[in-house]
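Data block below; observations after.
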Amino acid sequence: TITGDGDGYSWGYGSYGKLGHGDETGSELPRRIATTERLQALALGSQHGIAVTSDGNLVTWGRVQHEKAEQQARYWSWAPVACGGPSKVTCISCGDGFSAVCTANGELWTWGGGVHGRLGHGDCVDRPGPTHVDAVVDVVVHVSCGLYHACCSTEDGGA
């Protein structure tokens with residue numbers, strides 16, 4: 001849930017820091033996500049979460065993969081941290097250990113575990129940071145992640 005002031009709230013099982021509260025504690029009541037950024041969208045996966053800040057950038061938390069300190073590595077964060085990648089993000093989705101976003105100019109970006117080709121790069125390689133999906137040449141307007149798969153819709157109505 002995001003309030004009118006841009007505060008995000010989450011609740012439930014807190015393992016891996018996936019609720020973004022700064023710890024692994026679960027919560028039966030909504031608690032504020034531990035960031036000073038104003039949020040405009042958020043998505044939760046089974047072990048992580050991502051959000052778009054009011055300036056269109058990405059923050060992520062929990063058990064995720066992203067580039068940190070110019071090293072490509074798995075990274076755990078109990079509270080939201082900037083994860084780099086594209087700006088002006090308009091749509092976000094989390095799967096099981098991977099994420100996908102689309103941007104205002106219609107680009108598709110994915111990262112995380114690449115098992116079963118779910119990142120859309122033509123292989124099963126893990127991508128530790130947001131990576132542009134070159135195979136989609138149409139303008140992407142929405143993306144959705146499942147357990148081991150993802151799909152997107154395009155401006156011309158394709159999927």
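The chains in the structure tokens are called A, B, ... from first to last as shown; in each chain the residues are counted from 1, and the ligands are counted from 1 in the order shown.
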
Practice task
Please provide the set of residues having any atom within 7 Å of Ile50 of chain A, restricted to only C-alpha atoms, with same-chain residues fewer than 5 positions apart removed, written as an MDAnalysis selection string.
Solution key: chainID A and resid 42:44 58:61

Deliver the residues from the most recent selection as a file, using C-alpha atoms, as a compact mmCIF listing (two decimals), in the first residue's frame.
# COMPACT_ATOMS: atom_id res chain seq x y z
CA LEU A 42 5.79 -0.99 -5.37
CA ALA A 43 5.81 -4.71 -6.03
CA LEU A 44 6.65 -7.68 -3.84
CA LEU A 58 14.32 2.14 -8.41
CA VAL A 59 14.91 0.95 -4.86
CA THR A 60 14.93 -2.68 -3.83
CA TRP A 61 15.15 -4.75 -0.65

Exercise for the section: Please provide the set of residues having any atom within 12 Å of Ala79 of chain A, restricted to only C-alpha atoms, with same-chain residues fewer than 6 positions apart removed, written as a VMD selection string. Expected result: chain A and resid 14 16 to 24 32 to 37 48 to 51 59 to 64

Using N, CA, C and O atoms, can you write the selected residues to a file as an mmCIF file, in the first residue's frame?
data_model
loop_
_atom_site.group_PDB
_atom_site.id
_atom_site.type_symbol
_atom_site.label_atom_id
_atom_site.label_comp_id
_atom_site.auth_asym_id
_atom_site.auth_seq_id
_atom_site.Cartn_x
_atom_site.Cartn_y
_atom_site.Cartn_z
ATOM 1 N N GLY A 14 8.266 -11.882 7.316
ATOM 2 C CA GLY A 14 9.366 -10.956 7.056
ATOM 3 C C GLY A 14 10.717 -11.547 6.704
ATOM 4 O O GLY A 14 11.698 -10.813 6.681
ATOM 5 N N TYR A 16 14.166 -12.738 5.033
ATOM 6 C CA TYR A 16 15.036 -12.101 4.033
ATOM 7 C C TYR A 16 14.914 -10.577 4.020
ATOM 8 O O TYR A 16 15.424 -9.926 3.131
ATOM 9 N N GLY A 17 14.173 -9.991 4.946
ATOM 10 C CA GLY A 17 13.957 -8.555 4.928
ATOM 11 C C GLY A 17 13.017 -8.117 3.824
ATOM 12 O O GLY A 17 12.963 -6.950 3.448
ATOM 13 N N LYS A 18 12.228 -9.067 3.313
ATOM 14 C CA LYS A 18 11.396 -8.797 2.131
ATOM 15 C C LYS A 18 10.282 -7.782 2.357
ATOM 16 O O LYS A 18 9.684 -7.309 1.397
ATOM 17 N N LEU A 19 10.013 -7.409 3.600
ATOM 18 C CA LEU A 19 8.994 -6.389 3.853
ATOM 19 C C LEU A 19 9.559 -4.967 3.793
ATOM 20 O O LEU A 19 8.804 -3.999 3.739
ATOM 21 N N GLY A 20 10.894 -4.853 3.814
ATOM 22 C CA GLY A 20 11.525 -3.540 3.720
ATOM 23 C C GLY A 20 11.477 -2.723 4.990
ATOM 24 O O GLY A 20 11.635 -1.510 4.964
ATOM 25 N N HIS A 21 11.304 -3.389 6.134
ATOM 26 C CA HIS A 21 11.206 -2.679 7.416
ATOM 27 C C HIS A 21 12.552 -2.478 8.100
ATOM 28 O O HIS A 21 12.615 -1.882 9.168
ATOM 29 N N GLY A 22 13.613 -3.018 7.532
ATOM 30 C CA GLY A 22 14.928 -2.895 8.155
ATOM 31 C C GLY A 22 15.287 -4.069 9.033
ATOM 32 O O GLY A 22 16.293 -4.043 9.736
ATOM 33 N N ASP A 23 14.467 -5.115 9.009
ATOM 34 C CA ASP A 23 14.725 -6.313 9.804
ATOM 35 C C ASP A 23 14.007 -7.493 9.143
ATOM 36 O O ASP A 23 13.439 -7.348 8.063
ATOM 37 N N GLU A 24 14.061 -8.645 9.795
ATOM 38 C CA GLU A 24 13.377 -9.831 9.272
ATOM 39 C C GLU A 24 12.109 -10.160 10.056
ATOM 40 O O GLU A 24 11.558 -11.240 9.917
ATOM 41 N N ARG A 32 5.414 0.856 8.075
ATOM 42 C CA ARG A 32 6.023 1.699 7.042
ATOM 43 C C ARG A 32 7.306 1.072 6.510
ATOM 44 O O ARG A 32 8.128 0.585 7.280
ATOM 45 N N ILE A 33 7.469 1.070 5.204
ATOM 46 C CA ILE A 33 8.711 0.615 4.569
ATOM 47 C C ILE A 33 9.791 1.642 4.893
ATOM 48 O O ILE A 33 9.561 2.849 4.816
ATOM 49 N N ALA A 34 10.976 1.156 5.286
ATOM 50 C CA ALA A 34 12.042 1.999 5.834
ATOM 51 C C ALA A 34 12.812 2.748 4.752
ATOM 52 O O ALA A 34 13.939 2.401 4.406
ATOM 53 N N THR A 35 12.203 3.780 4.201
ATOM 54 C CA THR A 35 12.901 4.637 3.249
ATOM 55 C C THR A 35 12.432 6.079 3.431
ATOM 56 O O THR A 35 11.299 6.318 3.843
ATOM 57 N N THR A 36 13.331 7.018 3.127
ATOM 58 C CA THR A 36 12.956 8.426 3.159
ATOM 59 C C THR A 36 12.434 8.883 1.808
ATOM 60 O O THR A 36 11.939 9.994 1.673
ATOM 61 N N GLU A 37 12.556 8.024 0.803
ATOM 62 C CA GLU A 37 12.073 8.341 -0.546
ATOM 63 C C GLU A 37 10.547 8.301 -0.583
ATOM 64 O O GLU A 37 9.928 7.467 0.075
ATOM 65 N N HIS A 48 11.699 -10.644 -2.050
ATOM 66 C CA HIS A 48 12.194 -9.282 -2.213
ATOM 67 C C HIS A 48 11.080 -8.336 -2.642
ATOM 68 O O HIS A 48 9.978 -8.768 -2.967
ATOM 69 N N GLY A 49 11.409 -7.062 -2.627
ATOM 70 C CA GLY A 49 10.482 -6.049 -3.099
ATOM 71 C C GLY A 49 11.225 -4.999 -3.886
ATOM 72 O O GLY A 49 12.436 -4.812 -3.719
ATOM 73 N N ILE A 50 10.502 -4.294 -4.774
ATOM 74 C CA ILE A 50 11.061 -3.159 -5.492
ATOM 75 C C ILE A 50 10.021 -2.043 -5.479
ATOM 76 O O ILE A 50 8.823 -2.289 -5.349
ATOM 77 N N ALA A 51 10.515 -0.822 -5.587
ATOM 78 C CA ALA A 51 9.619 0.326 -5.637
ATOM 79 C C ALA A 51 10.188 1.361 -6.591
ATOM 80 O O ALA A 51 11.396 1.439 -6.814
ATOM 81 N N VAL A 59 14.308 1.445 -6.098
ATOM 82 C CA VAL A 59 14.909 0.950 -4.860
ATOM 83 C C VAL A 59 14.442 -0.489 -4.687
ATOM 84 O O VAL A 59 13.375 -0.882 -5.173
ATOM 85 N N THR A 60 15.253 -1.283 -4.018
ATOM 86 C CA THR A 60 14.931 -2.685 -3.830
ATOM 87 C C THR A 60 15.391 -3.140 -2.456
ATOM 88 O O THR A 60 16.253 -2.518 -1.838
ATOM 89 N N TRP A 61 14.812 -4.234 -1.975
ATOM 90 C CA TRP A 61 15.154 -4.754 -0.655
ATOM 91 C C TRP A 61 14.842 -6.241 -0.603
ATOM 92 O O TRP A 61 14.165 -6.777 -1.468
ATOM 93 N N GLY A 62 15.357 -6.894 0.447
ATOM 94 C CA GLY A 62 15.168 -8.335 0.611
ATOM 95 C C GLY A 62 16.294 -9.102 -0.049
ATOM 96 O O GLY A 62 17.403 -8.600 -0.211
ATOM 97 N N ARG A 63 16.000 -10.302 -0.460
ATOM 98 C CA ARG A 63 16.992 -11.167 -1.112
ATOM 99 C C ARG A 63 16.886 -10.931 -2.615
ATOM 100 O O ARG A 63 16.031 -11.481 -3.294
ATOM 101 N N VAL A 64 17.771 -10.074 -3.107
ATOM 102 C CA VAL A 64 17.721 -9.664 -4.505
ATOM 103 C C VAL A 64 19.102 -9.738 -5.124
ATOM 104 O O VAL A 64 20.089 -9.911 -4.429
#

Give me every helix (DSSP H, G or I) residue in segment 2-128 of chain A, going by DSSP on the backbone, as a compact mmCIF listing (two decimals) with all heavy atoms, in the first residue's frame.
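What follows is the written file result.txt:
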# COMPACT_ATOMS: atom_id res chain seq x y z
N SER A 15 10.81 -12.85 6.42
CA SER A 15 12.13 -13.44 6.14
C SER A 15 12.83 -12.70 5.00
O SER A 15 12.19 -12.10 4.14
CB SER A 15 11.97 -14.92 5.77
OG SER A 15 11.27 -15.05 4.55
N TYR A 16 14.17 -12.74 5.03
CA TYR A 16 15.04 -12.10 4.03
C TYR A 16 14.91 -10.58 4.02
O TYR A 16 15.42 -9.93 3.13
CB TYR A 16 14.77 -12.63 2.61
CG TYR A 16 14.79 -14.12 2.49
CD1 TYR A 16 13.62 -14.82 2.23
CD2 TYR A 16 15.97 -14.84 2.64
CE1 TYR A 16 13.64 -16.20 2.11
CE2 TYR A 16 15.99 -16.22 2.53
CZ TYR A 16 14.83 -16.89 2.27
OH TYR A 16 14.85 -18.26 2.15
N GLY A 17 14.17 -9.99 4.95
CA GLY A 17 13.96 -8.56 4.93
C GLY A 17 13.02 -8.12 3.82
O GLY A 17 12.96 -6.95 3.45
N VAL A 115 17.07 -18.62 -14.45
CA VAL A 115 16.64 -20.00 -14.68
C VAL A 115 15.41 -20.04 -15.61
O VAL A 115 14.55 -19.16 -15.56
CB VAL A 115 16.36 -20.72 -13.33
CG1 VAL A 115 15.20 -20.10 -12.59
CG2 VAL A 115 16.14 -22.20 -13.53
N HIS A 116 15.37 -21.02 -16.48
CA HIS A 116 14.28 -21.24 -17.43
C HIS A 116 14.11 -20.11 -18.44
O HIS A 116 13.06 -19.99 -19.07
CB HIS A 116 12.94 -21.50 -16.72
CG HIS A 116 12.97 -22.66 -15.79
ND1 HIS A 116 13.18 -23.96 -16.21
CD2 HIS A 116 12.84 -22.72 -14.44
CE1 HIS A 116 13.17 -24.77 -15.18
NE2 HIS A 116 12.97 -24.05 -14.09
N GLY A 117 15.11 -19.24 -18.58
CA GLY A 117 15.04 -18.15 -19.55
C GLY A 117 14.06 -17.05 -19.18
O GLY A 117 13.69 -16.23 -20.02

Quick one: which segment 69-116 of chain A residues come within 8 Å of segment 131-143 of chain A, and what is the nearest atom pair for each with the distance in Å to one decimal, counting only C-alpha atoms, rows ordered by chain and ascending number, as a Markdown table?
| residue | atom | partner | partner_atom | distance |
| --- | --- | --- | --- | --- |
| A:Gly85 | CA | A:Thr131 | CA | 7.4 |
| A:Cys91 | CA | A:His142 | CA | 6.0 |
| A:Ile92 | CA | A:Val143 | CA | 6.8 |
| A:Ser93 | CA | A:Val143 | CA | 6.5 |
| A:Ala100 | CA | A:Val143 | CA | 6.8 |
| A:Val101 | CA | A:Val143 | CA | 6.6 |
| A:Cys102 | CA | A:Val140 | CA | 6.5 |
| A:Thr103 | CA | A:Val140 | CA | 7.9 |
| A:Asn105 | CA | A:Val139 | CA | 7.3 |
| A:Gly106 | CA | A:Val139 | CA | 4.3 |
| A:Glu107 | CA | A:Val140 | CA | 5.9 |
| A:Leu108 | CA | A:Val133 | CA | 5.6 |
| A:Trp109 | CA | A:His132 | CA | 4.4 |
| A:Thr110 | CA | A:Thr131 | CA | 5.5 |
| A:Trp111 | CA | A:Thr131 | CA | 6.1 |

Given the selection you just returned, output its residues as a file containing C-alpha atoms, formatted as a short mmCIF file (atom, residue, chain, number, x, y, z; two decimals), in the first residue's frame.
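File selection05.cif, as written:
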data_model
loop_
_atom_site.label_atom_id
_atom_site.label_comp_id
_atom_site.auth_asym_id
_atom_site.auth_seq_id
_atom_site.Cartn_x
_atom_site.Cartn_y
_atom_site.Cartn_z
CA GLY A 85 19.25 0.70 -13.87
CA CYS A 91 5.71 -0.35 -14.39
CA ILE A 92 7.32 -2.90 -12.05
CA SER A 93 6.83 -6.57 -11.25
CA ALA A 100 11.16 -6.67 -14.47
CA VAL A 101 10.38 -3.03 -15.19
CA CYS A 102 9.29 -0.92 -18.13
CA THR A 103 10.16 2.72 -18.67
CA ASN A 105 10.06 5.43 -23.29
CA GLY A 106 8.79 1.84 -23.61
CA GLU A 107 11.90 -0.16 -22.76
CA LEU A 108 11.85 -3.48 -20.90
CA TRP A 109 14.54 -4.29 -18.30
CA THR A 110 14.96 -7.48 -16.23
CA TRP A 111 17.39 -8.83 -13.63
#

Practice task
Find, counting only C-alpha atoms, the residue in A:Thr154, A:Ser10, A:Gln47, A:Ser144 that gets nearest to Gly26 of chain A.
Solution key: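 Between A:Thr154, A:Ser10, A:Gln47, A:Ser144, the residue approaching Gly26 of chain A most closely is A:Ser10.
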
Practice task
Apply DSSP to the structure's backbone, then extract all residues of segment 2-43 of chain A labelled strand (DSSP E or B) and return them as a list in words.
Solution key: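 Put together, the selection reads Ile2, Gly8, Tyr9, Ser10, Trp11, Gly12, Ser27, Glu28, Leu29, Pro30, Arg31, Arg32, Leu39, Gln40, Ala41, Leu42 and Ala43 of chain A.
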
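With only C-alpha atoms as the atoms that count, the residue of A:Asp5, A:Arg118, A:Cys152, A:Thr53 with the shortest distance to Val81 of chain A is A:Thr53.
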
Problem - Long-range neighbours of Gly114 of chain A as JSON, numbers by chain, 7 Å cut-off, only C-alpha atoms, 4 positions minimum in chain - result: {"A": [118, 119, 124, 125, 126, 127]}

Residues from last step as file, N, CA and C atoms, as a PDB file, in the first residue's frame:
ATOM      1  N   ARG A 118      13.680 -16.990 -17.928  1.00  0.00           N
ATOM      2  CA  ARG A 118      12.610 -16.079 -17.516  1.00  0.00           C
ATOM      3  C   ARG A 118      12.963 -14.595 -17.609  1.00  0.00           C
ATOM      4  N   LEU A 119      14.233 -14.248 -17.838  1.00  0.00           N
ATOM      5  CA  LEU A 119      14.609 -12.834 -17.976  1.00  0.00           C
ATOM      6  C   LEU A 119      14.432 -12.314 -19.398  1.00  0.00           C
ATOM      7  N   CYS A 124      19.848 -18.632 -19.925  1.00  0.00           N
ATOM      8  CA  CYS A 124      19.435 -18.885 -18.542  1.00  0.00           C
ATOM      9  C   CYS A 124      20.422 -18.279 -17.551  1.00  0.00           C
ATOM     10  N   VAL A 125      21.101 -17.230 -17.962  1.00  0.00           N
ATOM     11  CA  VAL A 125      22.143 -16.596 -17.163  1.00  0.00           C
ATOM     12  C   VAL A 125      21.527 -15.600 -16.179  1.00  0.00           C
ATOM     13  N   ASP A 126      22.028 -15.616 -14.935  1.00  0.00           N
ATOM     14  CA  ASP A 126      21.616 -14.635 -13.937  1.00  0.00           C
ATOM     15  C   ASP A 126      22.128 -13.255 -14.345  1.00  0.00           C
ATOM     16  N   ARG A 127      21.335 -12.235 -14.093  1.00  0.00           N
ATOM     17  CA  ARG A 127      21.751 -10.851 -14.332  1.00  0.00           C
ATOM     18  C   ARG A 127      21.659 -10.116 -12.999  1.00  0.00           C
TER      19      ARG A 127
END

Handout entry: Counting only C-alpha atoms, the option among A:Ala82, A:His121, A:Lys88, A:Thr25 closest to Gly56 of chain A
Key =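 Going through A:Ala82, A:His121, A:Lys88, A:Thr25 one by one, the smallest distance to Gly56 of chain A is for A:Lys88.
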
Problem - Atom-to-atom span, atom CA of Gly120 of chain A and atom CA of Ala150 of chain A, Å - result: 8.1 Å

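If only C-alpha atoms are the atoms counted, then among A:Phe98, A:Gln40, A:Gly4, A:Gly112 the closest residue to Asp55 of chain A is A:Gln40.
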
Fill in the blank from the handout: Pro30 of chain A proximity check over A:Gly12, A:Gly122, A:Gly84, A:Gly6, using only C-alpha atoms: winner is A:Gly12

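If you look at atom CA of Leu29 of chain A and atom CA of Thr90 of chain A, they are 28.1 Å away from each other.
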
Exercise for the section: Find the residues around Glu28 of chain A up to 9 Å (only C-alpha atoms counted), leave out those fewer than 3 positions away in its own chain, and share them as a PyMOL selection string. Expected result: chain A and resi 11-13+31

Could those residues be written to a file, using all heavy atoms, as a CSV table (one decimal), in the first residue's frame?
chain,number,residue,atom,x,y,z
A,11,TRP,N,3.2,-5.8,5.2
A,11,TRP,CA,3.0,-6.7,6.3
A,11,TRP,C,3.0,-8.1,5.9
A,11,TRP,O,3.0,-8.4,4.7
A,11,TRP,CB,1.7,-6.3,7.0
A,11,TRP,CG,0.5,-6.4,6.1
A,11,TRP,CD1,-0.3,-7.5,5.9
A,11,TRP,CD2,0.0,-5.4,5.2
A,11,TRP,NE1,-1.3,-7.2,5.0
A,11,TRP,CE2,-1.1,-6.0,4.5
A,11,TRP,CE3,0.4,-4.1,4.9
A,11,TRP,CZ2,-1.9,-5.2,3.6
A,11,TRP,CZ3,-0.3,-3.4,4.0
A,11,TRP,CH2,-1.4,-4.0,3.3
A,12,GLY,N,3.1,-9.0,6.9
A,12,GLY,CA,3.2,-10.5,6.6
A,12,GLY,C,4.5,-11.1,7.1
A,12,GLY,O,5.1,-10.6,8.1
A,13,TYR,N,4.9,-12.1,6.5
A,13,TYR,CA,6.1,-12.9,6.8
A,13,TYR,C,7.3,-12.1,6.4
A,13,TYR,O,7.4,-11.7,5.2
A,13,TYR,CB,6.0,-14.3,6.2
A,13,TYR,CG,7.1,-15.2,6.6
A,13,TYR,CD1,7.3,-15.5,7.9
A,13,TYR,CD2,7.9,-15.8,5.6
A,13,TYR,CE1,8.3,-16.4,8.2
A,13,TYR,CE2,8.9,-16.7,5.9
A,13,TYR,CZ,9.1,-17.0,7.2
A,13,TYR,OH,10.1,-17.9,7.6
A,31,ARG,N,3.2,-1.9,8.4
A,31,ARG,CA,4.3,-1.1,8.9
A,31,ARG,C,4.9,-0.3,7.8
A,31,ARG,O,5.0,-0.8,6.6
A,31,ARG,CB,5.4,-2.0,9.6
A,31,ARG,CG,5.0,-2.5,10.9
A,31,ARG,CD,6.1,-3.4,11.5
A,31,ARG,NE,7.4,-2.8,11.5
A,31,ARG,CZ,8.5,-3.5,11.6
A,31,ARG,NH1,8.5,-4.8,11.7
A,31,ARG,NH2,9.7,-2.9,11.7
